[in-house]
Amino acid sequence: NAEIVVVDEKSINAGKRNQAYENATHEKMTRGGLRSACDRVLHRNGPCVILDSLNAIKGFRYELWCVARAASARYTVVHVDASDDDIKVWNSARSGEKDAYSEAILQDLCFRFEHPVASNRWDSPLFTFRPATDSPAHEADILDAICAHVRGDASAIRHSARALTPNKATQNAPLSDTNLRHEMDRATQEIVDGI
């Protein structure tokens, strides 16, 4: 009965999908909005946050992993492994809807897609759906494994269900009393020297 928050282009008012990914500037703004939205709602004991978006760039997945690590939250990547042809068919089936990609944008996104790799810490644990070959029973097993991971049920899954821990270097640690005077004197001297 955990709260679930879905973050996607629509929830951050990125406009239509074609507008959100029509050029590098809009795409960068869209990814920044998605990351910020996740950062706002994600915390250790908080809701289950589902980022329903492309996540096609490994650098963006790394940024999301860092957000989860800073929040000491569990993190996973769910990859739908489909061929470019299948993706084009699914997109053309949505052509009457507002959220279909134009052919040029879809082709560009498929060309630039960087597949997740389970050995990368920011892509792990990795759950992969293969719609062309997976049976409904196998898909249900994958969904059960994802849910077990989100709940933290380590005995039910083969992946580590531990929450990520923040890196000491990324934490805002206050200055210790022993260094405080030295740091203040040094900063004051730099200002005086600059004047």
# chains A, B, ... in the order shown; residues from 1 in each chain; ligands from 1
>>> select_by_dssp(residues="segment 33-78 of chain A", states="helix (DSSP H, G or I)", output="MDAnalysis selection string")
chainID A and resid 33:41 58:70
>>> select_by_dssp(residues="segment 9-193 of chain A", states="strand (DSSP E or B)", output="number ranges by chain")
A: 48-51, 77-80, 126-129
>>> closest_residue(among="A:Leu126, A:Asp108, A:Pro131, A:Ala140", to="Trp90 of chain A", atoms="only C-alpha atoms")
A:Pro131
>>> residues_around(residues="segment 1-18 of chain A", least_positions_apart="6", cutoff="6 Å", atoms="only C-alpha atoms", output="short mmCIF file (atom, residue, chain, number, x, y, z; two decimals) with N, CA and C atoms, in the first residue's frame")
data_model
loop_
_atom_site.label_atom_id
_atom_site.label_comp_id
_atom_site.auth_asym_id
_atom_site.auth_seq_id
_atom_site.Cartn_x
_atom_site.Cartn_y
_atom_site.Cartn_z
N PRO A 47 7.73 7.75 -1.12
CA PRO A 47 6.94 7.01 -2.10
C PRO A 47 7.82 6.22 -3.07
N CYS A 48 7.20 5.28 -3.74
CA CYS A 48 7.86 4.57 -4.83
C CYS A 48 7.79 5.51 -6.03
N VAL A 49 8.93 5.95 -6.52
CA VAL A 49 8.98 6.89 -7.63
C VAL A 49 9.29 6.12 -8.91
N ILE A 50 8.40 6.25 -9.88
CA ILE A 50 8.59 5.61 -11.18
C ILE A 50 8.85 6.71 -12.19
N LEU A 51 10.05 6.71 -12.75
CA LEU A 51 10.38 7.66 -13.81
C LEU A 51 10.04 6.99 -15.13
N ASP A 52 8.92 7.37 -15.70
CA ASP A 52 8.44 6.78 -16.94
C ASP A 52 8.87 7.67 -18.09
N SER A 53 10.10 7.46 -18.52
CA SER A 53 10.66 8.29 -19.57
C SER A 53 11.71 7.49 -20.33
N ASP A 99 0.72 11.91 -27.93
CA ASP A 99 2.04 11.55 -27.42
C ASP A 99 2.88 10.69 -28.38
N TYR A 101 5.65 10.18 -31.34
CA TYR A 101 6.83 10.89 -31.84
C TYR A 101 6.73 11.05 -33.35
#
>>> atom_distance(atom1="atom CA of Asp81 of chain A", atom2="atom CA of Arg31 of chain A")
21.2 Å
>>> closest_residue(among="A:Val150, A:His43, A:Tyr75, A:Ile105", to="Glu27 of chain A", atoms="only C-alpha atoms")
A:Ile105
>>> residues_around(residues="Thr133 of chain A", least_positions_apart="4", cutoff="12 Å", atoms="only C-alpha atoms", output="list in words")
Val80, Asp81, Ala82, Ser83, Thr128, Phe129, Ala137, His138 and Glu139 of chain A
